[in-house]
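Printed here is start_4.tsv (TSV, C-alpha atoms and all ligand atoms):
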```
chain	number	residue	atom	x	y	z
S	269	MET	CA	-29.28	79.89	23.13
S	270	THR	CA	-30.14	80.65	26.74
S	271	ALA	CA	-27.97	83.43	28.15
S	272	ASN	CA	-26.45	83.06	31.62
S	273	LEU	CA	-26.98	86.49	33.18
S	274	LEU	CA	-24.01	85.96	35.51
S	275	ASP	CA	-21.91	86.44	32.38
S	276	PHE	CA	-22.79	90.13	32.06
S	277	ASP	CA	-21.47	93.30	33.62
S	278	LEU	CA	-24.08	96.08	33.76
S	279	ASP	CA	-23.36	97.31	30.23
S	280	GLY	CA	-23.58	93.77	28.91
S	281	LEU	CA	-26.88	93.25	30.70
S	282	ALA	CA	-28.20	96.55	29.33
S	283	ALA	CA	-27.31	95.41	25.81
S	284	PHE	CA	-29.06	92.10	26.46
S	285	CYS	CA	-32.17	93.92	27.73
S	286	GLU	CA	-32.12	96.16	24.68
S	287	ARG	CA	-32.20	93.09	22.47
S	288	LEU	CA	-35.36	92.11	24.34
S	289	GLY	CA	-36.79	95.57	23.69
S	290	GLU	CA	-36.31	96.69	27.30
S	291	LYS	CA	-34.86	99.95	28.64
S	292	ARG	CA	-31.56	100.23	30.51
S	293	PHE	CA	-33.19	100.79	33.90
S	294	ARG	CA	-34.64	97.29	33.61
S	295	ALA	CA	-31.08	95.98	33.39
S	296	THR	CA	-30.20	97.86	36.57
S	297	GLN	CA	-33.21	96.34	38.35
S	298	LEU	CA	-32.25	92.88	37.12
S	299	PHE	CA	-28.61	93.39	38.08
S	300	ARG	CA	-29.65	94.32	41.63
S	301	TRP	CA	-31.90	91.31	41.97
S	302	ILE	CA	-29.17	88.97	40.84
S	303	HIS	CA	-26.17	90.36	42.68
S	304	GLN	CA	-27.54	92.31	45.65
S	305	LYS	CA	-30.41	89.99	46.50
S	306	GLY	CA	-29.00	86.73	45.19
S	307	ALA	CA	-32.11	85.90	43.15
S	308	ALA	CA	-31.75	82.80	41.04
S	309	GLU	CA	-35.35	82.69	39.72
S	310	PHE	CA	-37.09	85.39	37.71
S	311	ASP	CA	-40.34	84.85	39.64
S	312	GLU	CA	-38.60	86.26	42.72
S	313	MET	CA	-38.16	89.61	40.96
S	314	SER	CA	-41.42	91.11	42.14
S	315	ASP	CA	-40.96	94.61	40.70
S	316	LEU	CA	-40.43	93.33	37.15
S	317	ALA	CA	-43.51	93.13	34.97
S	318	LYS	CA	-44.86	89.61	34.56
S	319	SER	CA	-44.47	89.90	30.79
S	320	LEU	CA	-40.76	90.68	31.21
S	321	ARG	CA	-40.30	87.82	33.64
S	322	GLU	CA	-41.86	85.46	31.08
S	323	LYS	CA	-39.60	86.86	28.36
S	324	LEU	CA	-36.57	86.32	30.58
S	325	LYS	CA	-37.60	82.77	31.40
S	326	SER	CA	-37.55	81.85	27.75
S	327	THR	CA	-34.24	83.54	26.91
S	328	ALA	CA	-32.06	83.61	30.02
S	329	GLU	CA	-31.09	81.92	33.26
S	330	ILE	CA	-29.02	82.59	36.35
S	331	ARG	CA	-26.77	79.56	36.45
S	332	ALA	CA	-24.15	79.31	39.18
S	333	LEU	CA	-21.45	76.65	39.37
S	334	PRO	CA	-22.43	73.42	41.12
S	335	VAL	CA	-20.73	72.89	44.47
S	336	LEU	CA	-18.75	69.67	44.72
S	337	ALA	CA	-17.53	70.01	48.29
S	338	GLN	CA	-17.25	72.40	51.17
S	339	HIS	CA	-14.46	72.36	53.76
S	340	ILE	CA	-14.52	74.35	56.97
S	341	SER	CA	-11.36	74.94	58.97
S	342	SER	CA	-11.37	75.15	62.73
S	343	ASP	CA	-11.00	78.92	62.55
S	344	GLY	CA	-13.95	79.52	60.25
S	345	THR	CA	-12.20	79.61	56.89
S	346	ILE	CA	-14.32	77.91	54.24
S	347	LYS	CA	-13.12	76.36	51.02
S	348	TRP	CA	-15.57	75.42	48.27
S	349	LEU	CA	-14.79	73.19	45.35
S	350	PHE	CA	-16.88	74.05	42.30
S	351	ASP	CA	-17.45	71.79	39.33
S	352	VAL	CA	-16.52	73.48	36.05
S	353	GLY	CA	-17.13	70.41	33.90
S	354	GLY	CA	-14.80	68.13	32.01
S	355	GLY	CA	-13.58	66.58	35.24
S	356	ASN	CA	-12.20	69.94	36.42
S	357	ALA	CA	-12.83	71.64	39.73
S	358	ILE	CA	-11.81	75.06	40.95
S	359	GLU	CA	-11.53	76.33	44.49
S	360	THR	CA	-12.75	79.41	46.28
S	361	VAL	CA	-11.78	80.31	49.83
S	362	PHE	CA	-13.60	82.57	52.29
S	363	ILE	CA	-11.42	83.92	55.10
S	364	PRO	CA	-13.29	85.63	57.96
S	365	GLU	CA	-11.46	88.14	60.12
S	366	GLU	CA	-12.69	90.56	62.72
S	367	ASP	CA	-12.70	93.54	60.42
S	368	ARG	CA	-13.36	91.98	57.02
S	369	GLY	CA	-14.43	88.96	55.06
S	370	THR	CA	-12.13	88.10	52.18
S	371	LEU	CA	-12.95	85.82	49.28
S	372	CYS	CA	-10.12	84.27	47.28
S	373	ILE	CA	-11.34	83.55	43.75
S	374	SER	CA	-10.00	81.37	40.92
S	375	SER	CA	-9.68	82.65	37.37
S	376	GLN	CA	-8.71	79.51	35.44
S	377	ALA	CA	-9.10	75.75	35.70
S	378	GLY	CA	-5.43	74.88	36.21
S	379	CYS	CA	-2.67	77.28	35.22
S	380	ALA	CA	-0.18	77.48	32.38
S	381	VAL	CA	2.49	79.41	34.26
S	382	SER	CA	3.86	76.30	36.00
S	383	CYS	CA	5.47	77.86	39.03
S	384	ARG	CA	7.61	75.20	40.72
S	385	PHE	CA	6.24	75.72	44.21
S	386	CYS	CA	2.56	75.69	43.20
S	387	SER	CA	0.44	72.56	43.09
S	388	THR	CA	-1.95	74.15	40.58
S	389	GLY	CA	1.00	74.83	38.31
S	390	HIS	CA	1.92	71.16	38.47
S	391	GLN	CA	-1.61	70.16	37.41
S	392	GLY	CA	-1.30	71.95	34.07
S	393	PHE	CA	-3.80	74.19	32.33
S	394	SER	CA	-7.33	73.12	31.37
S	395	ARG	CA	-9.13	76.29	30.36
S	396	ASN	CA	-10.04	79.85	31.15
S	397	LEU	CA	-13.10	80.46	33.30
S	398	THR	CA	-15.94	82.51	31.85
S	399	VAL	CA	-17.15	85.75	33.46
S	400	ALA	CA	-20.08	83.77	34.87
S	401	GLU	CA	-17.76	81.17	36.40
S	402	ILE	CA	-15.61	83.85	38.04
S	403	ILE	CA	-18.59	85.85	39.34
S	404	SER	CA	-20.46	82.71	40.31
S	405	GLN	CA	-17.87	82.15	43.06
S	406	LEU	CA	-18.64	85.54	44.62
S	407	TRP	CA	-22.39	85.29	43.99
S	408	PHE	CA	-22.59	81.87	45.64
S	409	ALA	CA	-20.32	82.66	48.59
S	410	GLU	CA	-21.95	86.01	49.43
S	411	HIS	CA	-25.51	84.74	49.32
S	412	PHE	CA	-24.74	81.38	50.89
S	413	LEU	CA	-23.12	83.15	53.84
S	414	ARG	CA	-25.94	85.67	54.18
S	415	LYS	CA	-28.57	82.96	54.11
S	416	HIS	CA	-26.90	80.74	56.66
S	417	LEU	CA	-25.96	83.60	58.93
S	418	SER	CA	-29.44	85.11	58.54
S	419	LYS	CA	-27.99	88.49	57.63
S	420	SER	CA	-28.86	90.91	54.91
S	421	ASP	CA	-25.67	93.02	55.24
S	422	ARG	CA	-22.78	92.47	52.88
S	423	ILE	CA	-20.43	89.84	54.28
S	424	ILE	CA	-17.63	89.73	51.73
S	425	SER	CA	-15.76	93.02	51.92
S	426	ASN	CA	-12.60	92.07	50.01
S	427	VAL	CA	-11.89	89.95	46.95
S	428	VAL	CA	-8.47	88.66	45.98
S	429	MET	CA	-7.87	87.02	42.61
S	430	MET	CA	-5.33	84.63	44.11
S	431	GLY	CA	-6.98	81.25	43.65
S	432	MET	CA	-6.24	78.89	40.79
S	433	GLY	CA	-4.91	80.44	37.60
S	434	GLU	CA	-3.14	83.52	36.33
S	435	PRO	CA	-5.90	86.16	36.08
S	436	LEU	CA	-4.04	88.32	33.58
S	437	GLN	CA	-3.95	85.36	31.17
S	438	ASN	CA	-7.75	85.38	31.24
S	439	TYR	CA	-8.06	89.11	30.75
S	440	SER	CA	-11.22	89.24	28.64
S	441	ALA	CA	-13.21	87.53	31.40
S	442	LEU	CA	-11.34	89.15	34.28
S	443	VAL	CA	-12.20	92.77	33.51
S	444	PRO	CA	-16.00	92.37	33.18
S	445	ALA	CA	-15.93	90.24	36.35
S	446	LEU	CA	-14.05	93.01	38.18
S	447	ARG	CA	-16.60	95.53	36.95
S	448	VAL	CA	-19.41	93.47	38.47
S	449	MET	CA	-17.53	93.32	41.78
S	450	LEU	CA	-17.05	97.11	41.79
S	451	ASN	CA	-20.51	98.12	40.58
S	452	ASP	CA	-22.69	99.78	43.24
S	453	HIS	CA	-25.75	97.99	41.90
S	454	ALA	CA	-23.98	94.66	42.46
S	455	TYR	CA	-21.34	94.10	45.18
S	456	GLY	CA	-20.11	97.70	45.44
S	457	LEU	CA	-16.58	96.75	46.48
S	458	SER	CA	-14.04	99.55	46.49
S	459	ARG	CA	-11.07	99.28	44.14
S	460	ARG	CA	-8.77	99.15	47.13
S	461	ARG	CA	-10.49	95.99	48.32
S	462	VAL	CA	-10.29	94.06	45.09
S	463	THR	CA	-6.82	92.68	44.39
S	464	VAL	CA	-5.51	91.06	41.25
S	465	SER	CA	-2.50	88.88	41.88
S	466	THR	CA	-0.23	88.14	38.92
S	467	SER	CA	2.91	86.17	38.29
S	468	GLY	CA	4.06	89.10	36.14
S	469	VAL	CA	2.35	89.38	32.75
S	470	VAL	CA	3.89	92.80	32.10
S	471	PRO	CA	1.80	94.08	29.15
S	472	MET	CA	-1.41	93.08	30.87
S	473	ILE	CA	-0.42	94.91	34.06
S	474	ASP	CA	-0.32	98.05	31.92
S	475	ARG	CA	-3.70	97.23	30.36
S	476	LEU	CA	-5.28	96.56	33.72
S	477	GLY	CA	-4.09	99.98	34.85
S	478	GLN	CA	-5.92	101.54	31.90
S	479	ASP	CA	-9.07	99.41	31.98
S	480	CYS	CA	-9.83	98.70	35.60
S	481	PRO	CA	-7.19	99.69	38.14
S	482	VAL	CA	-7.63	97.71	41.33
S	483	ALA	CA	-5.06	96.77	43.98
S	484	LEU	CA	-2.11	94.83	42.57
S	485	ALA	CA	-0.18	91.92	44.06
S	486	VAL	CA	2.77	90.32	42.29
S	487	SER	CA	4.14	86.82	42.86
S	488	LEU	CA	7.85	87.62	42.99
S	489	HIS	CA	9.36	84.67	44.91
S	490	ALA	CA	12.96	85.35	43.83
S	491	SER	CA	15.59	88.01	44.20
S	492	ASN	CA	17.32	87.61	40.84
S	493	ASP	CA	16.44	86.52	37.31
S	494	ALA	CA	18.35	83.23	37.33
S	495	LEU	CA	16.41	82.05	40.36
S	496	ARG	CA	13.08	83.43	39.18
S	497	ASP	CA	13.51	81.83	35.74
S	498	ASP	CA	13.52	78.53	37.60
S	499	LEU	CA	10.71	79.22	40.08
S	500	VAL	CA	8.38	81.29	37.88
S	501	PRO	CA	9.13	80.35	34.25
S	502	LEU	CA	7.22	83.40	32.96
S	503	ASN	CA	10.22	85.40	34.15
S	504	LYS	CA	12.14	84.32	31.04
S	505	LYS	CA	9.68	86.40	29.03
S	506	TYR	CA	9.21	89.25	31.51
S	507	PRO	CA	12.33	89.58	33.69
S	508	ILE	CA	12.37	91.23	37.08
S	509	ALA	CA	13.51	94.69	35.91
S	510	ASP	CA	10.65	94.89	33.39
S	511	LEU	CA	8.20	93.62	35.97
S	512	LEU	CA	9.20	96.17	38.60
S	513	GLN	CA	9.01	98.98	36.07
S	514	ALA	CA	5.48	97.85	35.17
S	515	CYS	CA	4.61	97.90	38.88
S	516	LYS	CA	5.90	101.47	39.19
S	517	ARG	CA	3.85	102.52	36.16
S	518	TYR	CA	0.80	100.85	37.68
S	519	LEU	CA	1.14	102.91	40.81
S	520	HIS	CA	0.30	106.05	38.82
S	521	VAL	CA	-3.26	104.74	38.45
S	522	ALA	CA	-3.60	102.26	41.31
S	523	PRO	CA	-6.11	102.78	44.12
S	524	ARG	CA	-3.35	102.06	46.63
S	525	ASP	CA	0.07	103.66	46.78
S	526	PHE	CA	1.91	100.36	47.02
S	527	VAL	CA	2.21	97.02	45.27
S	528	THR	CA	2.24	93.84	47.33
S	529	PHE	CA	4.96	91.32	46.53
S	530	GLU	CA	4.26	87.71	47.45
S	531	TYR	CA	7.36	85.70	48.32
S	532	CYS	CA	7.06	81.96	49.01
S	533	MET	CA	9.84	80.95	51.43
S	534	LEU	CA	11.72	77.89	50.16
S	535	LYS	CA	14.42	76.38	52.30
S	536	GLY	CA	17.90	76.86	50.89
S	537	VAL	CA	16.47	78.16	47.61
S	538	ASN	CA	15.42	81.78	48.12
S	539	ASP	CA	15.48	82.33	51.89
S	540	THR	CA	19.01	83.36	52.84
S	541	ALA	CA	20.31	86.72	54.03
S	542	ALA	CA	21.97	87.16	50.65
S	543	HIS	CA	18.58	86.82	48.94
S	544	ALA	CA	17.00	89.30	51.36
S	545	ASN	CA	19.77	91.80	50.67
S	546	GLU	CA	19.28	91.35	46.94
S	547	ILE	CA	15.58	92.14	47.42
S	548	VAL	CA	16.43	95.31	49.34
S	549	LYS	CA	18.70	96.42	46.49
S	550	LEU	CA	16.04	95.69	43.89
S	551	VAL	CA	13.41	97.64	45.78
S	552	ARG	CA	15.72	100.63	46.33
S	553	LEU	CA	16.68	100.63	42.68
S	554	HIS	CA	13.03	101.33	41.88
S	555	GLY	CA	12.23	103.71	44.73
S	556	GLU	CA	14.62	105.09	47.30
S	557	HIS	CA	12.86	104.18	50.53
S	558	GLY	CA	10.97	101.05	49.64
S	559	ALA	CA	7.66	102.68	50.58
S	560	TRP	CA	6.18	101.85	47.18
S	561	CYS	CA	5.81	98.18	47.97
S	562	LYS	CA	5.06	95.66	50.71
S	563	PHE	CA	6.31	92.13	51.07
S	564	ASN	CA	4.26	89.18	52.18
S	565	LEU	CA	6.40	86.16	53.08
S	566	ILE	CA	4.52	82.90	52.58
S	567	PRO	CA	5.52	79.65	54.27
S	568	PHE	CA	5.60	77.00	51.54
S	569	ASN	CA	2.90	74.30	51.55
S	570	PRO	CA	5.02	71.27	50.59
S	571	PHE	CA	3.83	68.69	48.07
S	572	PRO	CA	5.98	65.78	46.80
S	573	GLU	CA	6.30	66.71	43.10
S	574	SER	CA	7.87	70.06	43.91
S	575	GLY	CA	11.06	68.71	45.48
S	576	LEU	CA	10.99	71.83	47.67
S	577	ILE	CA	10.96	72.26	51.45
S	578	ARG	CA	9.42	74.93	53.67
S	579	SER	CA	11.89	77.41	55.16
S	580	ASP	CA	12.55	77.18	58.89
S	581	THR	CA	10.67	79.74	60.95
S	582	ALA	CA	13.95	81.28	62.10
S	583	ALA	CA	15.00	81.81	58.49
S	584	VAL	CA	11.68	83.46	57.66
S	585	ILE	CA	11.93	85.79	60.64
S	586	ALA	CA	15.55	86.69	59.83
S	587	PHE	CA	14.58	87.36	56.20
S	588	ALA	CA	11.67	89.54	57.29
S	589	LYS	CA	13.94	91.49	59.64
S	590	ILE	CA	16.39	92.38	56.88
S	591	LEU	CA	13.54	93.69	54.75
S	592	SER	CA	11.88	95.55	57.64
S	593	ASP	CA	15.15	97.09	58.80
S	594	SER	CA	15.62	98.51	55.33
S	595	GLY	CA	12.21	100.22	55.53
S	596	ILE	CA	10.16	97.69	53.56
S	597	VAL	CA	6.84	96.85	55.21
S	598	THR	CA	6.93	93.06	55.57
S	599	THR	CA	4.38	90.56	56.85
S	600	ILE	CA	4.54	86.80	57.31
S	601	ARG	CA	1.55	84.71	56.31
S	602	LYS	CA	0.55	82.11	58.86
S	603	THR	CA	-0.38	78.67	57.63
S	604	ARG	CA	-3.68	78.10	59.45
S	605	GLY	CA	-6.86	78.57	57.48
S	606	SER	CA	-7.91	81.81	59.11
S	607	ASP	CA	-4.48	83.21	58.60
S	608	ILE	CA	-4.58	82.74	54.87
S	609	ASP	CA	-6.06	86.19	55.04
S	610	ALA	CA	-2.68	87.45	56.11
S	611	ALA	CA	-1.63	86.64	52.57
S	612	CYS	CA	-4.07	89.23	51.57
S	613	GLY	CA	-3.21	91.05	54.77
S	614	GLN	CA	-1.79	93.77	52.62
S	615	LEU	CA	-5.41	94.62	51.98
S	616	ALA	CA	-5.02	96.84	54.99
S	617	GLY	CA	-7.48	96.59	57.85
S	618	ASP	CA	-9.40	99.79	57.50
S	619	VAL	CA	-12.87	98.22	57.47
S	620	ASN	CA	-14.98	98.61	60.55
S	621	ASP	CA	-16.25	95.45	62.18
S	622	ARG	CA	-19.75	96.17	61.02
S	623	THR	CA	-20.57	92.53	60.44
S	624	ASP	CA	-19.04	90.94	63.56
S	625	ILE	CA	-18.01	88.25	61.15
S	626	HIS	CA	-15.77	86.19	63.37
S	627	ASN	CA	-18.53	85.44	65.88
S	628	ARG	CA	-20.98	84.67	63.19
S	629	MET	CA	-18.55	82.43	61.37
S	630	THR	CA	-17.98	80.56	64.61
S	631	LYS	CA	-21.72	79.96	64.77
S	632	ARG	CA	-21.66	79.12	61.10
S	633	ARG	CA	-19.71	75.97	61.77
S	634	ILE	CA	-22.69	74.32	63.37
S	635	ILE	CA	-25.25	75.42	60.83
S	636	PRO	CA	-26.42	72.44	58.79
S	637	ILE	CA	-25.69	72.77	55.12
S	638	ARG	CA	-28.93	72.91	53.19
S	639	ASP	CA	-30.68	74.84	50.48
S	640	VAL	CA	-27.80	74.53	48.07
S	641	ASP	CA	-28.60	73.09	44.69
S	642	ARG	CA	-26.73	69.88	45.35
S	643	PRO	CA	-25.80	68.22	48.62
S	644	VAL	CA	-22.30	69.14	49.71
S	645	ALA	CA	-19.73	67.25	51.71
S	646	VAL	CA	-18.67	69.09	54.84
S	647	ASP	CA	-15.27	68.41	56.31
S	648	LYS	CA	-13.55	70.24	59.09
S	649	GLU	CA	-10.02	70.64	57.99
S	650	ASP	CA	-7.46	73.28	57.29
S	651	THR	CA	-7.63	74.70	53.82
S	652	VAL	CA	-4.83	74.33	51.36
S	653	ASN	CA	-4.01	77.31	49.26
S	654	ASP	CA	-2.49	76.61	45.89
S	655	CYS	CA	-0.57	79.79	45.44
L	701	LIG	S1	1.42	80.45	41.59
L	701	LIG	FE1	-0.32	81.32	40.45
L	701	LIG	S2	0.62	81.78	38.43
L	701	LIG	FE2	2.04	80.33	39.42
L	701	LIG	S3	1.34	78.29	38.71
L	701	LIG	FE3	0.27	78.73	40.65
L	701	LIG	S4	-1.71	79.57	40.01
L	701	LIG	FE4	-0.31	79.75	38.26
```
Since I need it in another form, could you write the structure as structure tokens?
Amino acid sequence: MTANLLDFDLDGLAAFCERLGEKRFRATQLFRWIHQKGAAEFDEMSDLAKSLREKLKSTAEIRALPVLAQHISSDGTIKWLFDVGGGNAIETVFIPEEDRGTLCISSQAGCAVSCRFCSTGHQGFSRNLTVAEIISQLWFAEHFLRKHLSKSDRIISNVVMMGMGEPLQNYSALVPALRVMLNDHAYGLSRRRVTVSTSGVVPMIDRLGQDCPVALAVSLHASNDALRDDLVPLNKKYPIADLLQACKRYLHVAPRDFVTFEYCMLKGVNDTAAHANEIVKLVRLHGEHGAWCKFNLIPFNPFPESGLIRSDTAAVIAFAKILSDSGIVTTIRKTRGSDIDAACGQLAGDVNDRTDIHNRMTKRRIIPIRDVDRPVAVDKEDTVNDC
């Protein structure tokens, strides 16, 4: 069977090369060609011996996901829909900001967690993505952007696993994919700039801390168990107290000294002063001054099946004020495409503007789409984020 080399972290690729009778340094060379240079054909790999290239051609391929559609928002945010077969598509979103370029990646086709406020949750679960399908999103986005912006510098500086799916329920593919993102011979992202967002799979938070500690975001969305049982059904298995304790344990190994809590603001459901005060109590119970976490308040993107309504702006601001006044760092995500990055805005802005990405993304909007494997539809519209 032909191996897809996007499925391998460096150790996996070294093992594959060994099976071909090749030394480990060949795997490193190959890894760089694939991930740093975006090579999709072995003939491009000029410093590999011809005999090795021929061997690779008969045993392996570099197979990225086909692009079904591409949407560009007025502020430069790009959403790609990728075909994962069986009638399923996943989405990936690139959010340019002045000091960083963030890619939001999916980990599953659909999601089994069924959060009430999430359109992905309402679609049900199809399957886990493979390592190749997770990494393919980064591989495609990074090299597509470089090619069309005519740049050789790295463009994507941050990755957030906040697209479709619960990443910690696809753990065996998640960890090798994270290792590719972090590897200096591939994308070389720092652990602080790779974030896994979870709805609260407590045992896997602990495992992630042991196996590959990156920044952690948690979809909290409720201030007490009764409410969270309804909004995030996984809470029945892993209630809030257990979840917050797991977060505190994670901080012993995390690359950042805080956990980000995502909180989708739902009118009359979780957005009152009483809820905000409950949050303050919860946070203090687990750390006196609230400095161990940050809150990101997310205006709800309404969809009919949810039966939920977006909180009024005044309610969101009042909620944020209660949290801030108690010492909890709190941000509000804006709804426009470019401001989706504020959701990941907890990925603090300590990157220099070495890529001048905003200007280039503005130019990007008028670059014709070509050189992708299949023609893509290009719409200018605001992106919709599932989570
Ligand atoms: S919010 Fe995340 S965990 Fe919940 S249903 Fe949506 S994709 Fe799944």
ask   = Near S:Gly280, counting all atoms listed in the file, which residues have an atom at most 12 Å away, once you skip same-chain residues fewer than 4 positions from it, shown as an MDAnalysis selection string?
value = chainID S and resid 271:276 284:287 292 295:296 298:299 399 444:445 447:448
inquiry  = Show me which residues line ligand LIG 701 (chain L), defined as having an atom within 10 Å of a ligand atom where all atoms listed in the file count, and present them as a PyMOL selection string.
reply    = chain S and resi 374-393+429-437+465-469+486-489+499-502+530+532+653-655
request  = Find the residues around S:Thr599 up to 7 Å (all atoms listed in the file counted), leave out those fewer than 4 positions away in its own chain, and share them as an MDAnalysis selection string.
outcome  = chainID S and resid 563:565
Restricting the output to C-alpha atoms, write the selected residues as a PDB file, in the coordinates of the input.
```pdb
ATOM      1  CA  PHE S 563       6.310  92.130  51.070  1.00  0.00           C
ATOM      2  CA  ASN S 564       4.260  89.180  52.180  1.00  0.00           C
ATOM      3  CA  LEU S 565       6.400  86.160  53.080  1.00  0.00           C
TER       4      LEU S 565
END
```
ask   = Near stretch 452-459 of chain S, counting only C-alpha atoms, which residues have an atom at most 10 Å away, once you skip same-chain residues fewer than 3 positions from it, shown as a PyMOL selection string?
value = chain S and resi 277-278+296-306+406-407+410+422+424-427+446-449+462-463+480-483+522-524
request  = Please measure the separation of atom CA of S:Lys415 and atom CA of S:Ile358, giving the value in Å to one decimal.
outcome  =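 Here the two named atoms are 22.7 Å from each other.
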Interatomic distance, atom CA of S:Asp279 to atom CA of S:Asp315 (Å, one decimal) = 20.7 Å
Minimum-distance residue to S:Asp510, chosen among S:His554, S:Lys325, S:Arg395, S:Arg331 (using only C-alpha atoms) =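 Going through S:His554, S:Lys325, S:Arg395, S:Arg331 one by one, the smallest distance to S:Asp510 is for S:His554.
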ask   = How many Å lie between atom CA of S:Cys561 and atom CA of S:Phe526, rounded to one decimal?
value = 4.6 Å
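Closest approach to S:Ala485 from the set S:Asn538, S:Thr528, S:Thr370, S:Asn503 is made by S:Thr528, with distances taken over only C-alpha atoms.
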Shortest interatomic distance to S:Gly595 - which of S:Leu534, S:Met269, S:Ser574, S:Ile547, counting all atoms listed in the file =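 Nearest to S:Gly595: S:Ile547.
Using only C-alpha atoms, the shortest contact distance between S:Val361 and any of S:Val428, S:Ser592, S:Ala307, S:Ala400 is found at S:Val428.
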Some atoms are missing, so please complete stretch 550-569 of chain S with N, CA and C atoms and return it as a PDB file, in the frame of the given file.
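Result file out_32.pdb:
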```pdb
ATOM      1  N   LEU S 550      17.015  95.583  44.996  1.00  0.00           N
ATOM      2  CA  LEU S 550      16.040  95.690  43.890  1.00  0.00           C
ATOM      3  C   LEU S 550      14.992  96.757  44.189  1.00  0.00           C
ATOM      4  N   VAL S 551      14.478  96.707  45.412  1.00  0.00           N
ATOM      5  CA  VAL S 551      13.410  97.640  45.780  1.00  0.00           C
ATOM      6  C   VAL S 551      13.944  99.072  45.759  1.00  0.00           C
ATOM      7  N   ARG S 552      15.145  99.260  46.284  1.00  0.00           N
ATOM      8  CA  ARG S 552      15.720 100.630  46.330  1.00  0.00           C
ATOM      9  C   ARG S 552      16.020 101.155  44.939  1.00  0.00           C
ATOM     10  N   LEU S 553      16.390 100.235  44.062  1.00  0.00           N
ATOM     11  CA  LEU S 553      16.680 100.630  42.680  1.00  0.00           C
ATOM     12  C   LEU S 553      15.450 101.279  42.036  1.00  0.00           C
ATOM     13  N   HIS S 554      14.269 100.841  42.492  1.00  0.00           N
ATOM     14  CA  HIS S 554      13.030 101.330  41.880  1.00  0.00           C
ATOM     15  C   HIS S 554      12.295 102.335  42.759  1.00  0.00           C
ATOM     16  N   GLY S 555      12.886 102.731  43.861  1.00  0.00           N
ATOM     17  CA  GLY S 555      12.230 103.710  44.730  1.00  0.00           C
ATOM     18  C   GLY S 555      13.039 103.787  46.015  1.00  0.00           C
ATOM     19  N   GLU S 556      13.566 104.922  46.290  1.00  0.00           N
ATOM     20  CA  GLU S 556      14.620 105.090  47.300  1.00  0.00           C
ATOM     21  C   GLU S 556      14.326 104.438  48.645  1.00  0.00           C
ATOM     22  N   HIS S 557      13.115 104.620  49.157  1.00  0.00           N
ATOM     23  CA  HIS S 557      12.860 104.180  50.530  1.00  0.00           C
ATOM     24  C   HIS S 557      12.041 102.891  50.651  1.00  0.00           C
ATOM     25  N   GLY S 558      11.719 102.295  49.567  1.00  0.00           N
ATOM     26  CA  GLY S 558      10.970 101.050  49.640  1.00  0.00           C
ATOM     27  C   GLY S 558       9.519 101.226  50.046  1.00  0.00           C
ATOM     28  N   ALA S 559       9.046 102.460  50.118  1.00  0.00           N
ATOM     29  CA  ALA S 559       7.660 102.680  50.580  1.00  0.00           C
ATOM     30  C   ALA S 559       6.648 102.382  49.478  1.00  0.00           C
ATOM     31  N   TRP S 560       7.110 102.093  48.287  1.00  0.00           N
ATOM     32  CA  TRP S 560       6.180 101.850  47.180  1.00  0.00           C
ATOM     33  C   TRP S 560       5.694 100.405  47.131  1.00  0.00           C
ATOM     34  N   CYS S 561       6.233  99.574  48.011  1.00  0.00           N
ATOM     35  CA  CYS S 561       5.810  98.180  47.970  1.00  0.00           C
ATOM     36  C   CYS S 561       5.769  97.578  49.370  1.00  0.00           C
ATOM     37  N   LYS S 562       5.076  96.436  49.477  1.00  0.00           N
ATOM     38  CA  LYS S 562       5.060  95.660  50.710  1.00  0.00           C
ATOM     39  C   LYS S 562       5.398  94.229  50.370  1.00  0.00           C
ATOM     40  N   PHE S 563       5.993  93.547  51.298  1.00  0.00           N
ATOM     41  CA  PHE S 563       6.310  92.130  51.070  1.00  0.00           C
ATOM     42  C   PHE S 563       5.503  91.250  51.995  1.00  0.00           C
ATOM     43  N   ASN S 564       4.996  90.179  51.421  1.00  0.00           N
ATOM     44  CA  ASN S 564       4.260  89.180  52.180  1.00  0.00           C
ATOM     45  C   ASN S 564       5.014  87.856  52.049  1.00  0.00           C
ATOM     46  N   LEU S 565       5.626  87.401  53.128  1.00  0.00           N
ATOM     47  CA  LEU S 565       6.400  86.160  53.080  1.00  0.00           C
ATOM     48  C   LEU S 565       5.476  84.986  53.370  1.00  0.00           C
ATOM     49  N   ILE S 566       5.486  84.003  52.502  1.00  0.00           N
ATOM     50  CA  ILE S 566       4.520  82.900  52.580  1.00  0.00           C
ATOM     51  C   ILE S 566       5.253  81.598  52.893  1.00  0.00           C
ATOM     52  N   PRO S 567       4.953  80.980  54.037  1.00  0.00           N
ATOM     53  CA  PRO S 567       5.520  79.650  54.270  1.00  0.00           C
ATOM     54  C   PRO S 567       5.022  78.683  53.201  1.00  0.00           C
ATOM     55  N   PHE S 568       5.927  77.927  52.636  1.00  0.00           N
ATOM     56  CA  PHE S 568       5.600  77.000  51.540  1.00  0.00           C
ATOM     57  C   PHE S 568       4.735  75.848  52.049  1.00  0.00           C
ATOM     58  N   ASN S 569       3.695  75.497  51.261  1.00  0.00           N
ATOM     59  CA  ASN S 569       2.900  74.300  51.550  1.00  0.00           C
ATOM     60  C   ASN S 569       3.508  73.148  50.754  1.00  0.00           C
TER      61      ASN S 569
END
```
